[in-house]
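Participant: Sharing a structure, written as C-alpha cells. Questions coming.
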Amino acid sequence: MVKNKYFKAAIFLLAIVLVNIGGQYLYTRIDFTKERRFTLNDKSKAILKAAKQPISITVFLDGDLPAAFKRLKNATSDLLTDYRAYAGTDVKVIFADPIAGLSAAEQDTAINNLYQAGIEATTLNIKNDNGFAQKTIFPMAMIVADGKRYPVKLLQNLDVTGNYEENINNSIQNLEYVFTSGIQKVLTGQHPRIGFTEGNGELSDLYLSDAIKSLSESYEVGRVDLNLIDKKGLDKLKLLVLAKPQKEFTEAEKYKINYFVMNGGRVLWSIDQVSADLDSLKGRPEQLAFNRKLNLDDMLFIYGARVNYNLVADANCAEIPLAMGGPQGQIQMAPWVYYPLLMPDTANSLVKNIDNIRSEFISTVDTIGVKGVSKKVILHTSAFNKVFNAPKMLSLQMVAEQPDPRDFASVPQSVGVLLEGTFSSVFLNRAVPAGIEESYAAPASSKPTKMIVIGDGDIFKNQVSSKDGSTFPLGFDRYTQRNFGNKALLLNIADYLANDDNLIALRNKEVKIRLLDKAKLRAEKLQWQLINVLVPLLLLISFAIFQHYCRKHKYAR
C-alpha cells in the first residue's frame, strides 16, 4: 500500500517534469476571449515562420508608467511573446526606458538622437499629490533585422477627442498590425511608393497633410505631376491617388495613367463630378452646382465604373456651423443634407469595423458590365436619401427646411466601388497622343490589378484652422469635435491596393476592454471596500471553525 502510494507520487512528479521540459519546445495557448484577442492571425504566423534573419525588437515603453500605458506595455509584451514562439528565427525583445538615470542635458541629447532615428517622445501631464507633473515617455519600438531598422508607433491617437483609455484601446487593437507590417518591411526591405497627382487642380499639400503624413509611416509618399513624370517614374509607383482634380486631363496624361494600369498599377479615384463648395455659399444667397469636365468618363467606363453627374442629399448627414444672426452673432450647428455620412459595407473586409465616413457633395457611382472585372460596393449612403441631377441650385436657406421623410425614403446609393481583375486598355487601336515622347508598351489588357472609385474628392481632405492655418487630423470635424472613419478608410485602402500580401485582417482585429463603471464605483465605494475587507476575514474564520469541528469530530471517535 505504501509502495503504491510512493509510486503514484513519483509518476505525478515525473509528469510535471516532462510537461515543463516539453513546454520549452512546444508552445500552445488556449484563448477563451470572445474576440480572440490572444490569438495571432494566420498572416502574422506565416510572416514570422518565413523569417530567416534574427530579429531584435526594442520597446521604449518602460519605467514608472501611468496605468493606461502599463496596460499598453503588458499587451505589447504578451503579443511579442507569441511572436517569439511562432517565429522561424531568434526574436530578441528588450524593454527599456531610454532616458532613465540621465541628467536634463543628457536627456535632451538622447531625445534628439532618438527623434533622428524615428523614435518620438510623448509628454504627459500626470496628477499627483502636488498637482500635476510632466513625464516624458516613448510609446514606440524599433525593429532591427539584417542591418535594417524600422520604427513602430505603439500609441496611435486615432480618436482625437478621446481620452487615454480610448486611445490605448485603439492602440492595443492595432498592435499586431503595426508589428507584423513592420517586421514584413524590415525583412523584405520593401516600401511601396504612393503618388498623389498634382497639376490638375488637385487638393494641395495643406489639405492632404494628414493623409500624406499617415501613409508616410508605412510607405514612400509624394506628389506626381503627370505632365512631368516619365515611364521610369511610373514603373516605380505602386499606387496612384487622384484626390479631387478640378481641371481637364489631357490625352497624354490619360495615356500615362492607362500605361500605369496596364502594367499592374493600382489607382484610387477620388473624384468630384459636380463643382460645389460650401465656402462659396457664404456671403451669397445661392450657388449653382454645375457639372465639372474632367475628361475621365471614357477611362472609367472602359475600366467598369461611372461617377454620375448628380448630388446625393441624405437625412443621415454631418452638421455645419451657421451664423444665426442676433446681437451676439451666435454660431449654431445645423444638419446639412449634402454632407452625407457614408456607411461602409461590413461584409467586405476592406471596410470592416470602420466608423461612418464624412463626405461633402458626393455623387453616386455605378458599375459597368465589363468582362474580366469584378465589382464590389464598399461605400453607400443610408436608405433615407434623395438624388439631384446637376446642375442644381444650392442655398444655405435649405438648412431651415425640414426634409419630408417621404421624399427621402429610398434605397442606399452606392458611392464607392472596388474593381478587380484584368482591365482593357483605353488606347487600344488608337494613336499615341501628342506629348508622349517615350515609347510605352501598350498591351490590349492589363496585368491582374485593382482600383477603387469614390464619387467624392473631399473624402481624404483634412480640415484647416482659419486662425493659424494649422491642420486637423483626417476625419476629425473641428466644429462638432467628432472623429469619423476617413483616416481608417484611407489606411485600409492603401494596405489593400499597395500591398500584394495585404494585412487588412489585422487592422480589423477588435479588442473589447471591459472597464469599470467609474460613476458606480464612486457611489458604492464604501460598500465594496467593506466587502473586500470583511468577506475574506469571514471566510477565513468560517474555514477555521469548520476545520476545528471537523478535527474534533474525527478524533473524538
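Please note that chains go A, B, ... in the order of the C-alpha cells, that every chain numbers its residues from 1, and that ligands are numbered from 1 in the order shown.
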Any idea what's packed within 8 Å of Trp269 in chain A, counting only C-alpha atoms, ignoring anything in its chain fewer than 4 positions away? Could you give it as number ranges by chain?

Facilitator: A: 241-243, 451-454

Participant: Would you return as a list in words the members of range 82-111 of chain A that DSSP assigns to strand (DSSP E or B) on this structure's backbone?

Facilitator: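 Listing strand (DSSP E or B) positions across range 82-111 of chain A yields Val91, Lys92, Val93, Ile94 and Phe95 of chain A.
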
Participant: Check the DSSP output for the backbone and give back, as a list in words, the residues of range 273-437 of chain A in helix (DSSP H, G or I).

Facilitator: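 Answer for range 273-437 of chain A restricted to helix (DSSP H, G or I) is Leu278, Asp279, Ser280, Leu281, Asp297, Asp298, Met299, Leu300, Phe301, Ile302, Tyr303, Leu396, Gln397, Met398, Val399, Ala400, Pro405, Arg406, Asp407 and Phe408 of chain A.
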
Participant: Please, could you write that set of residues out with C-alpha atoms as a JSON list (two decimals), in the first residue's frame?

Facilitator:
[["chain", "number", "residue", "atom", "x", "y", "z"],
["A", 278, "LEU", "CA", -19.76, 75.33, -49.05],
["A", 279, "ASP", "CA", -17.37, 78.29, -48.71],
["A", 280, "SER", "CA", -18.76, 79.73, -51.94],
["A", 281, "LEU", "CA", -22.22, 79.84, -50.35],
["A", 297, "ASP", "CA", -15.52, 59.40, -68.19],
["A", 298, "ASP", "CA", -14.30, 57.23, -71.07],
["A", 299, "MET", "CA", -11.47, 55.77, -68.97],
["A", 300, "LEU", "CA", -13.69, 54.89, -66.03],
["A", 301, "PHE", "CA", -16.36, 53.47, -68.36],
["A", 302, "ILE", "CA", -13.88, 51.08, -70.01],
["A", 303, "TYR", "CA", -12.47, 50.10, -66.60],
["A", 396, "LEU", "CA", -27.92, 77.80, -47.13],
["A", 397, "GLN", "CA", -31.61, 78.61, -46.67],
["A", 398, "MET", "CA", -32.19, 74.90, -47.30],
["A", 399, "VAL", "CA", -30.92, 74.25, -43.77],
["A", 400, "ALA", "CA", -34.09, 75.78, -42.34],
["A", 405, "PRO", "CA", -39.35, 61.84, -44.82],
["A", 406, "ARG", "CA", -41.50, 60.61, -47.68],
["A", 407, "ASP", "CA", -39.26, 62.39, -50.20],
["A", 408, "PHE", "CA", -36.11, 60.89, -48.65]]

Participant: Considering only C-alpha atoms, can you say which of A:Ile99, A:Leu239, A:Leu540, A:Met140 comes closest to Val59 in chain A?

Facilitator: A:Met140

Participant: Record the distance separating CA of Asp477 in chain A and CA of Val274 in chain A, expressed in Å with one decimal.

Facilitator: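 Calculated distance between CA of Asp477 in chain A and CA of Val274 in chain A is 22.8 Å.
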